[in-house]
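Participant: So here's input-v1.txt, just compact mmCIF, C-alpha atoms:
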# COMPACT_ATOMS: atom_id res chain seq x y z
CA MET C 1 0.00 0.00 0.00
CA PRO C 2 1.50 3.41 -0.92
CA VAL C 3 2.49 5.55 2.04
CA ASN C 4 0.09 8.31 1.03
CA ASP C 5 -2.78 5.84 1.18
CA ALA C 6 -1.87 4.57 4.66
CA ARG C 7 -4.62 4.69 7.21
CA ARG C 8 -3.83 6.69 10.32
CA LEU C 9 -4.50 5.59 13.88
CA LEU C 10 -3.89 7.54 17.08
CA VAL C 11 -3.70 5.55 20.32
CA ILE C 12 -4.07 7.45 23.60
CA SER C 13 -2.83 5.42 26.54
CA TYR C 14 -1.08 6.50 29.71
CA TYR C 15 1.12 3.41 29.44
CA PHE C 16 2.68 2.12 26.23
CA GLY C 17 5.55 -0.16 25.35
CA SER C 18 6.74 -3.73 25.70
CA ASP C 19 9.07 -3.19 28.65
CA GLY C 20 6.97 -1.12 31.04
CA PRO C 21 3.76 -1.71 33.00
CA VAL C 22 1.41 -4.42 31.80
CA GLY C 23 -1.11 -1.75 30.72
CA GLY C 24 1.15 -0.79 27.84
CA LEU C 25 1.50 -4.26 26.33
CA ARG C 26 -1.86 -4.62 24.55
CA TRP C 27 -1.59 -1.72 22.12
CA ALA C 28 2.16 -2.05 21.83
CA GLY C 29 1.47 -5.50 20.43
CA PHE C 30 -1.37 -4.35 18.16
CA ALA C 31 0.61 -1.34 16.88
CA LYS C 32 3.56 -3.50 15.95
CA TYR C 33 1.49 -5.76 13.71
CA LEU C 34 -0.97 -3.17 12.41
CA ALA C 35 1.88 -1.31 10.71
CA PRO C 36 2.49 -4.08 8.12
CA LEU C 37 -1.27 -4.05 7.43
CA GLY C 38 -1.08 -0.46 6.21
CA TRP C 39 -1.67 1.57 9.36
CA LYS C 40 0.46 4.54 10.37
CA VAL C 41 0.21 4.34 14.15
CA SER C 42 0.88 7.28 16.43
CA VAL C 43 0.74 7.06 20.21
CA LEU C 44 0.18 9.72 22.85
CA THR C 45 1.37 8.46 26.21
CA GLY C 46 2.40 9.69 29.62
CA ALA C 47 5.25 7.24 30.11
CA PRO C 48 8.69 7.45 28.48
CA VAL C 49 9.08 4.98 25.61
CA GLU C 50 12.48 4.08 24.19
CA ASN C 51 11.48 1.54 21.55
CA GLY C 52 8.50 3.16 19.84
CA ALA C 53 9.99 2.83 16.36
CA THR C 54 10.59 -0.89 16.82
CA LEU C 55 6.92 -1.24 17.75
CA GLY C 56 5.84 0.32 14.47
CA ALA C 57 4.54 3.49 16.11
CA ARG C 58 5.41 7.15 16.28
CA VAL C 59 5.34 7.93 20.00
CA GLU C 60 4.71 11.32 21.56
CA THR C 61 5.28 11.46 25.30
CA CYS C 62 3.40 14.01 27.35
CA PRO C 63 4.89 13.73 30.86
CA ARG C 64 2.73 13.87 33.91
CA PHE C 65 3.26 16.95 36.06
CA PRO C 66 3.00 16.89 39.85
CA THR C 67 -0.08 18.69 41.10
CA PHE C 68 -1.17 20.47 44.24
CA MET C 69 -3.30 17.42 45.02
CA ASP C 70 -0.19 15.26 45.00
CA ALA C 71 1.29 17.37 47.78
CA CYS C 72 -1.96 17.09 49.76
CA ARG C 73 -2.01 13.33 49.27
CA ARG C 74 1.55 13.00 50.54
CA LEU C 75 0.65 14.97 53.64
CA VAL C 76 -2.43 12.81 54.22
CA GLN C 77 -0.42 9.62 53.80
CA ARG C 78 2.25 10.82 56.21
CA GLY C 79 -0.24 11.80 58.86
CA VAL C 80 -2.90 9.15 58.40
CA ARG C 81 -1.65 5.94 56.85
CA PRO C 82 1.94 5.18 57.77
CA SER C 83 2.28 2.51 55.08
CA VAL C 84 -0.25 1.62 52.43
CA GLU C 85 1.96 -0.82 50.56
CA ARG C 86 4.67 -3.26 51.37
CA ALA C 87 6.03 -6.42 49.86
CA PRO C 88 4.54 -9.62 51.24
CA SER C 89 6.66 -10.87 54.10
CA SER C 90 6.29 -13.53 56.73
CA SER C 91 7.79 -11.28 59.38
CA GLY C 92 6.72 -8.07 61.02
CA ALA C 93 3.45 -6.96 62.52
CA PRO C 94 0.60 -6.08 60.18
CA PRO C 95 0.13 -2.36 59.55
CA SER C 96 -2.41 -0.64 61.72
CA GLU C 97 -5.71 0.41 60.15
CA LEU C 98 -7.92 3.24 61.16
CA SER C 99 -11.51 2.23 61.72
CA GLY C 100 -14.83 3.84 62.39
CA VAL C 101 -16.16 7.12 61.06
CA LEU C 102 -12.78 8.84 61.17
CA GLY C 103 -11.12 6.07 59.21
CA GLU C 104 -13.92 6.12 56.61
CA LEU C 105 -13.66 9.89 56.27
CA ARG C 106 -9.93 9.75 55.78
CA ARG C 107 -10.35 6.97 53.24
CA GLU C 108 -12.74 9.13 51.23
CA ILE C 109 -10.39 12.10 51.41
CA ALA C 110 -7.52 9.94 50.18
CA ALA C 111 -9.72 8.61 47.35
CA LEU C 112 -10.64 12.16 46.34
CA LEU C 113 -6.98 13.17 46.29
CA VAL C 114 -6.16 10.42 43.78
CA PHE C 115 -9.33 10.68 41.69
CA PRO C 116 -9.82 9.66 38.93
CA ASP C 117 -6.61 7.59 38.86
CA GLU C 118 -2.81 7.63 38.92
CA SER C 119 -2.56 9.75 35.77
CA ARG C 120 -3.87 12.86 37.52
CA GLY C 121 -1.69 15.75 36.38
CA TRP C 122 -1.63 14.37 32.83
CA MET C 123 -5.17 14.69 31.54
CA VAL C 124 -5.44 18.38 30.66
CA ARG C 125 -1.94 18.55 29.19
CA ALA C 126 -2.53 15.35 27.23
CA ALA C 127 -5.87 16.62 25.91
CA LEU C 128 -4.24 19.78 24.58
CA ARG C 129 -1.40 17.78 23.05
CA GLY C 130 -3.93 15.33 21.62
CA ARG C 131 -5.82 18.10 19.86
CA ALA C 132 -2.55 19.32 18.33
CA VAL C 133 -1.64 15.80 17.21
CA ILE C 134 -5.06 15.27 15.65
CA ARG C 135 -4.84 18.57 13.73
CA ARG C 136 -1.39 17.63 12.48
CA LEU C 137 -1.83 13.95 11.65
CA ARG C 138 -5.57 13.84 10.89
CA PRO C 139 -6.11 10.23 12.02
CA GLN C 140 -9.16 8.38 10.77
CA VAL C 141 -9.46 6.50 14.08
CA VAL C 142 -8.58 7.36 17.68
CA VAL C 143 -8.41 4.60 20.30
CA SER C 144 -8.18 5.41 24.00
CA SER C 145 -7.04 2.53 26.19
CA GLY C 146 -7.42 2.24 29.96
CA PRO C 147 -6.89 1.83 32.81
CA PRO C 148 -5.94 4.45 33.71
CA HIS C 149 -9.38 5.31 32.33
CA SER C 150 -8.59 9.02 32.30
CA ALA C 151 -7.21 8.26 28.82
CA HIS C 152 -10.84 8.18 27.68
CA LEU C 153 -11.43 11.65 29.11
CA VAL C 154 -8.33 12.84 27.25
CA ALA C 155 -9.71 11.39 24.01
CA ALA C 156 -13.14 12.91 24.63
CA LEU C 157 -11.62 16.39 24.86
CA ALA C 158 -9.09 15.85 22.08
CA THR C 159 -11.64 14.65 19.51
CA ILE C 160 -14.15 17.50 19.94
CA GLY C 161 -14.73 18.91 16.47
CA SER C 162 -12.69 16.14 14.82
CA ARG C 163 -13.98 13.80 12.12
CA ALA C 164 -11.97 10.90 13.55
CA ARG C 165 -13.88 7.88 14.85
CA TRP C 166 -13.22 7.33 18.54
CA LEU C 167 -13.19 3.87 20.11
CA ILE C 168 -12.83 3.20 23.84
CA ASP C 169 -10.68 0.18 24.69
CA LEU C 170 -11.40 -1.22 28.18
CA ARG C 171 -8.78 -3.59 29.52
CA ASP C 172 -10.66 -3.61 32.86
CA PRO C 173 -14.12 -2.39 33.87
CA TRP C 174 -14.34 1.35 34.52
CA ALA C 175 -17.37 2.38 36.58
CA GLY C 176 -18.74 -1.12 36.70
CA PRO C 177 -20.07 -3.62 37.05
CA LEU C 178 -17.69 -3.95 40.00
CA THR C 179 -17.49 -7.21 41.89
CA GLN C 180 -17.21 -7.72 45.65
CA ALA C 181 -13.46 -8.04 45.31
CA TRP C 182 -13.12 -4.31 44.73
CA ILE C 183 -15.08 -3.13 47.77
CA THR C 184 -11.89 -3.12 49.88
CA HIS C 185 -9.81 -1.31 47.24
CA PRO C 186 -8.77 2.08 48.67
CA ARG C 187 -9.85 4.01 45.57
CA ILE C 188 -12.26 1.86 43.57
CA GLY C 189 -14.19 0.78 46.67
CA SER C 190 -14.64 4.35 47.92
CA ARG C 191 -17.93 6.24 47.82
CA THR C 192 -16.09 8.98 45.93
CA PHE C 193 -15.20 6.66 43.08
CA ARG C 194 -18.62 5.01 42.97
CA ALA C 195 -20.35 8.40 42.86
CA LEU C 196 -18.14 10.20 40.33
CA SER C 197 -17.05 7.46 37.93
CA PRO C 198 -20.47 6.40 36.54
CA PRO C 199 -21.35 9.85 35.13
CA LEU C 200 -17.88 10.14 33.57
CA GLU C 201 -18.29 6.72 31.99
CA ARG C 202 -21.75 7.61 30.67
CA LEU C 203 -20.45 10.84 29.14
CA ALA C 204 -17.54 9.05 27.47
CA PHE C 205 -19.66 6.17 26.17
CA GLY C 206 -22.21 8.63 24.82
CA ALA C 207 -19.58 10.54 22.87
CA ALA C 208 -17.54 7.57 21.58
CA ASP C 209 -18.35 5.66 18.41
CA GLY C 210 -17.89 2.28 20.06
CA VAL C 211 -16.22 0.22 22.77
CA ILE C 212 -13.67 -2.58 22.61
CA THR C 213 -13.27 -4.98 25.54
CA ASN C 214 -10.86 -7.85 26.13
CA THR C 215 -13.44 -10.28 27.57
CA HIS C 216 -16.78 -11.46 26.24
CA GLN C 217 -18.26 -11.22 29.73
CA LEU C 218 -17.48 -7.51 30.04
CA ALA C 219 -18.71 -6.93 26.48
CA ASP C 220 -22.06 -8.51 27.28
CA ALA C 221 -22.40 -6.58 30.54
CA LEU C 222 -21.69 -3.26 28.82
CA ALA C 223 -23.99 -4.03 25.90
CA THR C 224 -26.81 -4.53 28.40
CA LYS C 225 -25.87 -1.40 30.31
CA TYR C 226 -25.50 0.76 27.16
CA PRO C 227 -27.82 -0.75 24.53
CA ASP C 228 -27.15 2.04 22.02
CA VAL C 229 -23.36 1.66 22.11
CA PRO C 230 -21.74 -0.96 19.85
CA VAL C 231 -19.39 -3.22 21.79
CA VAL C 232 -16.74 -5.50 20.30
CA CYS C 233 -14.59 -8.06 22.14
CA VAL C 234 -10.96 -8.64 21.15
CA PRO C 235 -9.06 -10.72 23.71
CA ASN C 236 -5.60 -9.94 24.95
CA GLY C 237 -2.63 -11.75 23.52
CA VAL C 238 1.13 -11.86 23.65
CA ASP C 239 3.97 -10.78 21.40
CA ALA C 240 5.95 -13.96 20.83
CA GLU C 241 9.04 -11.93 19.95
CA GLY C 242 9.04 -10.44 23.44
CA LEU C 243 9.17 -13.81 25.22
CA PRO C 244 12.37 -15.56 26.33
CA ALA C 245 13.70 -17.71 23.53
CA PRO C 246 14.00 -21.46 24.18
CA SER C 247 17.47 -22.23 25.46
CA ALA C 248 19.21 -25.51 26.15
CA ALA C 249 21.32 -23.63 28.70
CA ARG C 250 18.29 -22.61 30.78
CA GLN C 251 18.24 -24.72 33.93
CA PRO C 252 14.85 -25.50 35.46
CA PHE C 253 14.46 -24.69 39.12
CA PRO C 254 15.22 -27.67 41.38
CA GLY C 255 12.35 -29.85 42.49
CA LEU C 256 8.90 -28.67 41.45
CA GLY C 257 9.22 -25.01 40.64
CA ILE C 258 5.99 -22.99 40.84
CA ALA C 259 5.79 -19.36 39.73
CA TYR C 260 3.35 -16.58 40.52
CA VAL C 261 4.04 -13.30 38.74
CA GLY C 262 2.01 -10.20 39.57
CA ARG C 263 0.68 -8.12 42.42
CA LEU C 264 -1.63 -9.35 45.15
CA TYR C 265 -4.64 -7.04 45.19
CA GLY C 266 -8.41 -7.23 45.39
CA SER C 267 -9.35 -10.82 46.18
CA ARG C 268 -6.20 -12.37 44.75
CA ASP C 269 -5.09 -14.84 47.40
CA LEU C 270 -2.28 -17.39 47.21
CA GLY C 271 -3.58 -19.12 50.33
CA PRO C 272 -5.25 -22.05 48.48
CA VAL C 273 -2.11 -22.62 46.41
CA MET C 274 0.11 -22.64 49.50
CA GLU C 275 -2.29 -25.06 51.23
CA ALA C 276 -2.14 -27.32 48.16
CA LEU C 277 1.66 -27.07 48.27
CA ARG C 278 1.60 -28.20 51.92
CA ILE C 279 -0.54 -31.24 51.07
CA PHE C 280 1.71 -32.12 48.14
CA LEU C 281 4.94 -31.86 50.16
CA GLU C 282 3.50 -33.95 53.00
CA ARG C 283 2.64 -36.68 50.49
CA HIS C 284 5.97 -36.36 48.70
CA PRO C 285 8.75 -35.46 51.16
CA GLU C 286 11.27 -36.25 48.42
CA ALA C 287 9.91 -33.24 46.51
CA ALA C 288 10.57 -31.06 49.54
CA ALA C 289 14.11 -32.41 49.81
CA ALA C 290 14.64 -31.70 46.11
CA GLY C 291 14.05 -27.98 46.65
CA SER C 292 10.47 -27.52 45.45
CA LYS C 293 9.35 -23.90 45.89
CA LEU C 294 6.66 -21.38 45.08
CA ARG C 295 8.37 -18.22 43.81
CA ILE C 296 6.49 -14.92 43.86
CA ALA C 297 7.65 -12.09 41.60
CA GLY C 298 5.75 -8.84 41.55
CA GLY C 299 5.22 -5.38 42.99
CA ALA C 300 4.25 -4.66 46.57
CA ALA C 301 0.92 -5.83 47.89
CA ASP C 302 -1.31 -3.36 49.70
CA ALA C 303 -1.52 -3.58 53.47
CA ARG C 304 -4.63 -5.74 53.57
CA ASN C 305 -3.37 -8.26 51.02
CA ALA C 306 0.05 -8.43 52.62
CA GLN C 307 -1.62 -9.31 55.91
CA VAL C 308 -3.77 -11.98 54.21
CA PHE C 309 -0.64 -13.40 52.60
CA ASP C 310 1.28 -13.54 55.89
CA ARG C 311 -1.58 -15.33 57.65
CA ALA C 312 -2.04 -17.83 54.83
CA LEU C 313 1.69 -18.55 54.71
CA ALA C 314 1.81 -19.16 58.45
CA ALA C 315 -1.31 -21.35 58.33
CA ALA C 316 0.08 -23.50 55.52
CA ARG C 317 3.45 -23.91 57.29
CA VAL C 318 5.42 -23.84 54.05
CA GLU C 319 7.70 -20.86 54.76
CA PRO C 320 10.90 -22.69 53.66
CA HIS C 321 9.23 -23.47 50.33
CA VAL C 322 7.98 -19.98 49.45
CA GLU C 323 10.36 -17.37 48.10
CA VAL C 324 9.23 -13.75 47.71
CA LEU C 325 11.35 -12.10 45.02
CA GLY C 326 9.63 -8.71 45.14
CA TRP C 327 9.57 -6.44 42.12
CA VAL C 328 11.71 -7.61 39.21
CA SER C 329 11.89 -6.51 35.59
CA ARG C 330 9.46 -8.01 33.13
CA ALA C 331 12.30 -9.94 31.47
CA ALA C 332 13.37 -11.38 34.82
CA ALA C 333 9.78 -12.28 35.71
CA LEU C 334 9.33 -14.13 32.41
CA GLU C 335 12.58 -15.96 33.06
CA VAL C 336 11.21 -17.12 36.43
CA VAL C 337 8.15 -18.51 34.64
CA ALA C 338 10.27 -20.13 31.92
CA ARG C 339 12.35 -21.98 34.54
CA SER C 340 9.29 -23.23 36.44
CA ARG C 341 7.17 -26.32 35.89
CA LEU C 342 3.90 -24.61 36.78
CA ALA C 343 2.65 -21.04 36.50
CA VAL C 344 -0.18 -19.78 38.72
CA VAL C 345 -2.73 -17.19 37.59
CA LEU C 346 -5.06 -15.73 40.24
CA ALA C 347 -8.41 -14.18 39.36
CA GLN C 348 -10.57 -14.66 42.45
CA GLY C 349 -13.39 -12.15 42.57
CA GLN C 350 -12.62 -10.75 39.11
CA GLU C 351 -15.39 -12.30 37.05
CA LEU C 352 -15.08 -9.87 34.12
CA GLN C 353 -11.28 -9.57 33.84
CA ILE C 354 -8.44 -11.75 32.61
CA PRO C 355 -4.88 -11.23 33.92
CA ALA C 356 -2.47 -10.64 31.03
CA LYS C 357 0.00 -13.07 32.62
CA LEU C 358 -2.24 -15.95 31.54
CA TYR C 359 -1.26 -15.44 27.91
CA GLU C 360 2.45 -15.20 28.67
CA SER C 361 2.71 -18.50 30.56
CA ILE C 362 0.55 -20.28 27.97
CA ALA C 363 2.68 -18.91 25.12
CA LEU C 364 5.84 -20.06 26.92
CA GLY C 365 4.41 -23.58 27.00
CA ILE C 366 4.43 -23.72 30.81
CA PRO C 367 1.56 -25.69 32.37
CA THR C 368 -0.72 -23.11 33.95
CA LEU C 369 -3.06 -23.28 36.94
CA VAL C 370 -5.91 -20.76 36.90
CA VAL C 371 -7.51 -20.13 40.29
CA ALA C 372 -10.85 -18.49 39.56
CA PRO C 373 -14.63 -19.06 39.81
CA GLN C 374 -15.74 -21.59 37.20
CA ASP C 375 -17.94 -19.21 35.19
CA SER C 376 -15.58 -16.22 35.34
CA ALA C 377 -13.88 -14.71 32.31
CA THR C 378 -10.47 -16.07 33.35
CA ALA C 379 -11.78 -19.59 33.97
CA VAL C 380 -13.52 -19.72 30.58
CA GLU C 381 -10.50 -18.28 28.79
CA GLY C 382 -8.11 -20.53 30.70
CA GLY C 383 -10.09 -23.56 29.59
CA ARG C 384 -10.06 -22.32 26.00
CA LEU C 385 -6.28 -21.93 26.11
CA GLY C 386 -5.58 -25.30 27.70
CA ALA C 387 -4.88 -24.27 31.31
CA VAL C 388 -6.02 -26.24 34.36
CA VAL C 389 -8.84 -24.34 36.09
CA CYS C 390 -9.61 -24.79 39.80
CA ASP C 391 -12.02 -22.96 42.02
CA CYS C 392 -10.29 -21.43 45.04
CA ARG C 393 -12.00 -24.04 47.27
CA ASP C 394 -10.61 -26.97 45.26
CA VAL C 395 -7.36 -27.31 47.18
CA ASP C 396 -7.30 -31.09 46.63
CA GLY C 397 -7.55 -30.56 42.88
CA MET C 398 -4.56 -28.22 43.00
CA ALA C 399 -2.59 -30.73 45.08
CA ARG C 400 -3.38 -33.48 42.57
CA LEU C 401 -2.08 -31.28 39.76
CA LEU C 402 1.19 -30.78 41.65
CA GLU C 403 1.44 -34.54 42.16
CA ARG C 404 0.85 -35.23 38.47
CA LEU C 405 3.55 -32.79 37.42
CA TRP C 406 5.96 -34.24 39.97
CA ARG C 407 5.34 -37.85 38.94
CA SER C 408 5.88 -37.02 35.28
CA GLY C 409 9.56 -36.65 36.11
CA ALA C 410 10.45 -34.18 33.37
CA PRO C 411 9.14 -30.66 32.73
CA GLU C 412 5.96 -30.77 30.67
CA ARG C 413 5.22 -28.46 27.76
CA SER C 414 1.67 -27.28 27.22
CA HIS C 415 0.22 -26.50 23.81
CA CYS C 416 -2.32 -23.77 23.16
CA PRO C 417 -5.05 -24.91 20.73
CA VAL C 418 -5.97 -21.38 19.57
CA PRO C 419 -3.98 -18.37 18.28
CA ILE C 420 -3.07 -15.90 21.02
CA THR C 421 -0.21 -13.89 19.52
CA TYR C 422 -0.72 -10.29 18.49
CA ASP C 423 0.38 -10.96 14.92
CA MET C 424 -2.58 -13.35 14.65
CA LEU C 425 -5.00 -10.96 16.37
CA ALA C 426 -3.96 -7.85 14.42
CA PRO C 427 -6.03 -8.68 11.28
CA GLN C 428 -9.17 -8.76 13.45
CA VAL C 429 -8.30 -5.35 14.91
CA ASP C 430 -7.62 -4.12 11.38
CA ARG C 431 -11.14 -5.14 10.33
CA ILE C 432 -12.67 -3.45 13.37
CA LEU C 433 -10.81 -0.21 12.79
CA ASN C 434 -11.79 -0.25 9.11
CA GLY C 435 -15.43 -1.09 9.47
CA PHE C 436 -16.54 -0.29 12.99
CA ALA C 437 -20.11 0.99 12.70
CA PRO C 438 -22.81 1.75 15.31
CA VAL C 439 -25.31 -1.04 15.89
CA ALA C 440 -28.84 -0.35 17.08
CA THR C 441 -29.09 -3.48 19.23
CA GLY C 442 -28.37 -4.25 22.83
CA HIS C 443 -26.10 -7.20 22.12
CA ALA C 444 -22.34 -7.29 22.16
CA VAL C 445 -20.68 -7.70 18.77
CA THR C 446 -18.21 -10.53 19.26
CA ALA C 447 -15.01 -10.35 17.26
CA SER C 448 -14.16 -13.66 15.66
CA VAL C 449 -10.68 -14.75 16.62
Kindly return the structure encoded in the file as structure tokens.
Facilitator:
Amino acid sequence: MPVNDARRLLVISYYFGSDGPVGGLRWAGFAKYLAPLGWKVSVLTGAPVENGATLGARVETCPRFPTFMDACRRLVQRGVRPSVERAPSSSGAPPSELSGVLGELRREIAALLVFPDESRGWMVRAALRGRAVIRRLRPQVVVSSGPPHSAHLVAALATIGSRARWLIDLRDPWAGPLTQAWITHPRIGSRTFRALSPPLERLAFGAADGVITNTHQLADALATKYPDVPVVCVPNGVDAEGLPAPSAARQPFPGLGIAYVGRLYGSRDLGPVMEALRIFLERHPEAAAAGSKLRIAGGAADARNAQVFDRALAAARVEPHVEVLGWVSRAAALEVVARSRLAVVLAQGQELQIPAKLYESIALGIPTLVVAPQDSATAVEGGRLGAVVCDCRDVDGMARLLERLWRSGAPERSHCPVPITYDMLAPQVDRILNGFAPVATGHAVTASV
């Protein structure tokens, strides 16, 4: 296709890139493989990106500026909550929590100081930059991707008066439906968030030309909630070129290596997995002697989840067989998974969401255990991709899986029966961007993958 005939796409996302936060992976993967299909992709982001050209995109970074509210939030955190996050640890007393009316008031003040999300200080500047980019590049399509969902507010302001079609890409629910798991979240579970987010979502959905989700369950829920808004589902995937290459020199972890990569938040709880590990090691002491371990790589858990982790670890009595690595780079985290014989994906209480880590472990060929409710988005997708799915109460089923892997003697390789790489998903996105049209029905439009 001649360059002059190339179609132009602008992606607005606070995160972008293959080496940063997980929120930047989805459109980094799509952009890379949309370019060969004739799209000139530009990206407006708040995070520095060093490899935009290699991803097939022209990246414009609009840095986030500190705000007066940031200073207020720091003062509140110093005076009210001595520590809201720490890495899971089996030692130390749990952080104190304020309770009662005063604690609730302070929680709401803290939620207001961080509303609408972590990109505060970026939105207005990004909207102005977005308008300039749209005037200069004249994209046919604008896609805003969140969370942070303030990217949609940026797109709403940037596209006023523009002829570009605007699509909202939701990697997670915005104003809802929210499950019970989020009630304890400091920001999402607050009255402030639940009061202010729905009208913002309604305004954005009313102005956009359509919505893209990454799960069929969320697509159906939104189609019911907004019957006049067309909704399309395109699942997440993985860029195979960004995964560790197979290597004969890579040594598997000793014994039965189990990996969990990601933060512990919401209702994500490793307790059932650690209890299953205890049962397995009691039945197979030789596995314990061989050095079997659960390795946890990820950012700090919030105070509540760290406390839940500590209690579950103590109850399972498997401290010598659990290693907390803390935050590591994405490359190092993938290497931990590649050296393990089982990867764990947690999605308790997240019926409409699918952790991106599911696709990475499946693509690496590592047997994967999904801990999620049977009818949830992650459980259904895990079954489609060939993972083993267990409800959080099925500790015996998890223990049996560990036994099967141990008895097999050698590391197993799993095989995904469906395409999950972004080069395979990009043609579907190409068709959506080309022909996305409003539909006057209340049903989700499911993208064929």
Participant: For a quick check of understanding, using all atoms listed in the file, which of C:Ala372, C:Ala223, C:Val418, C:Ala303 has the smallest distance to Arg384 of chain C?
Facilitator: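 Under the stated criterion, the closest residue is C:Val418.
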Participant: List as a PDB file with C-alpha atoms, in the frame of the given file the protein and nucleic acid residues near Pro285 of chain C, meaning an atom at most 12 Å away when all atoms listed in the file are counted, but skip any in the same chain fewer than 6 places from it.
Facilitator:
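As a result, around_11.pdb now contains:
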ATOM      1  CA  GLY C 255      12.350 -29.850  42.490  1.00  0.00           C
ATOM      2  CA  LEU C 256       8.900 -28.670  41.450  1.00  0.00           C
ATOM      3  CA  LEU C 277       1.660 -27.070  48.270  1.00  0.00           C
ATOM      4  CA  ARG C 278       1.600 -28.200  51.920  1.00  0.00           C
ATOM      5  CA  ILE C 279      -0.540 -31.240  51.070  1.00  0.00           C
ATOM      6  CA  GLY C 291      14.050 -27.980  46.650  1.00  0.00           C
ATOM      7  CA  SER C 292      10.470 -27.520  45.450  1.00  0.00           C
ATOM      8  CA  GLU C 403       1.440 -34.540  42.160  1.00  0.00           C
ATOM      9  CA  TRP C 406       5.960 -34.240  39.970  1.00  0.00           C
TER      10      TRP C 406
END
Participant: What's around Leu203 of chain C at 12 Å? Count all atoms listed in the file, leave out sequence neighbours fewer than 4 positions away in its own chain, and write the answer as a VMD selection string.
Facilitator: chain C and resid 152 to 153 155 to 157 175 196 to 199 207 to 208 226 229
Participant: Please report the interatomic distance between atom CA of Ile258 of chain C and atom CA of Lys293 of chain C in Å with one decimal.
Facilitator: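 Pair atom CA of Ile258 of chain C / atom CA of Lys293 of chain C returns 6.1 Å.
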Participant: Give the answer as one residue: which of C:Leu342, C:Ala333, C:Ala379, C:Val154 has the shortest atom-to-atom distance to Ile366 of chain C, using all atoms listed in the file?
Facilitator: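 The shortest atom-to-atom distance to Ile366 of chain C comes from C:Leu342.
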Participant: Quote the spacing between atom CA of Ala158 of chain C and atom CA of Arg194 of chain C in Å to one decimal place.
Facilitator: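 That distance, rounded to one decimal, is 25.4 Å.
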Participant: Mind giving me the straight-line distance from atom CA of Pro148 of chain C to atom CA of Arg131 of chain C in Å, one decimal?
Facilitator: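 One can read the atom CA of Pro148 of chain C to atom CA of Arg131 of chain C distance as 19.4 Å.
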Participant: Could you list, as a ChimeraX atom specification, every residue within 12 Å of Ala132 of chain C, counting all atoms listed in the file and ignoring same-chain residues fewer than 5 positions away?
Facilitator: /C:10,44,60,125-127,137-139,157-160,162
Participant: Pick from C:Ala315, C:Leu325, C:Ala240, C:Val234: nearest to Gln217 of chain C, with all atoms listed in the file counted?
Facilitator: C:Val234
Participant: Measuring atom to atom with all atoms listed in the file, identify which of C:Pro36, C:Gly23, C:Gly257, C:Pro246 is nearest to Asp169 of chain C.
Facilitator: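 Looking only at the distances to Asp169 of chain C, the closest residue turns out to be C:Gly23.
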Participant: Take the point (-17.3, 2.2, 20.8) in the file's coordinates, draw a sphere of radius 8 Å around it, and report as a list in words every protein, DNA or RNA residue with an atom inside or on it, counting only C-alpha atoms.
Facilitator: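 Residues satisfying the cut-off, written out: Trp166, Leu167, Ile168, Asp169, Phe205, Ala208, Asp209, Gly210, Val211, Ile212, Val229, Pro230, Val231, Val232 and Pro438 of chain C.
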Participant: Nearest to Val11 of chain C among C:Val142, C:Leu55, C:Ala28, C:Val336, with distances taken over all atoms listed in the file: which residue is it?
Facilitator: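 Looking at the shortest contact to Val11 of chain C, the residue is C:Val142.
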Participant: So that I can see what lies close to Pro48 of chain C, please list as a PDB file with C-alpha atoms, keeping the file's coordinate frame the residues with an atom at most 10 Å from it, counting all atoms listed in the file and leaving out residues fewer than 2 positions away in the same chain.
Facilitator:
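What landed in around38.pdb:
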ATOM      1  CA  TYR C  14      -1.080   6.500  29.710  1.00  0.00           C
ATOM      2  CA  TYR C  15       1.120   3.410  29.440  1.00  0.00           C
ATOM      3  CA  PHE C  16       2.680   2.120  26.230  1.00  0.00           C
ATOM      4  CA  GLY C  17       5.550  -0.160  25.350  1.00  0.00           C
ATOM      5  CA  GLY C  20       6.970  -1.120  31.040  1.00  0.00           C
ATOM      6  CA  THR C  45       1.370   8.460  26.210  1.00  0.00           C
ATOM      7  CA  GLY C  46       2.400   9.690  29.620  1.00  0.00           C
ATOM      8  CA  GLU C  50      12.480   4.080  24.190  1.00  0.00           C
ATOM      9  CA  ASN C  51      11.480   1.540  21.550  1.00  0.00           C
ATOM     10  CA  GLY C  52       8.500   3.160  19.840  1.00  0.00           C
ATOM     11  CA  VAL C  59       5.340   7.930  20.000  1.00  0.00           C
ATOM     12  CA  GLU C  60       4.710  11.320  21.560  1.00  0.00           C
ATOM     13  CA  THR C  61       5.280  11.460  25.300  1.00  0.00           C
ATOM     14  CA  CYS C  62       3.400  14.010  27.350  1.00  0.00           C
ATOM     15  CA  PRO C  63       4.890  13.730  30.860  1.00  0.00           C
TER      16      PRO C  63
END
Participant: If we count all atoms listed in the file and set the cut-off at 10 Å, which residues sit around Arg393 of chain C, ignoring sequence neighbours fewer than 3 positions away in its own chain? Please answer as number ranges by chain.
Facilitator: C: 272, 371-373, 390, 396-398
Participant: Between C:Leu264, C:Arg431, C:Leu281, C:Glu412, which residue has the minimum interatomic distance to Gln348 of chain C, considering only C-alpha atoms?
Facilitator: C:Leu264
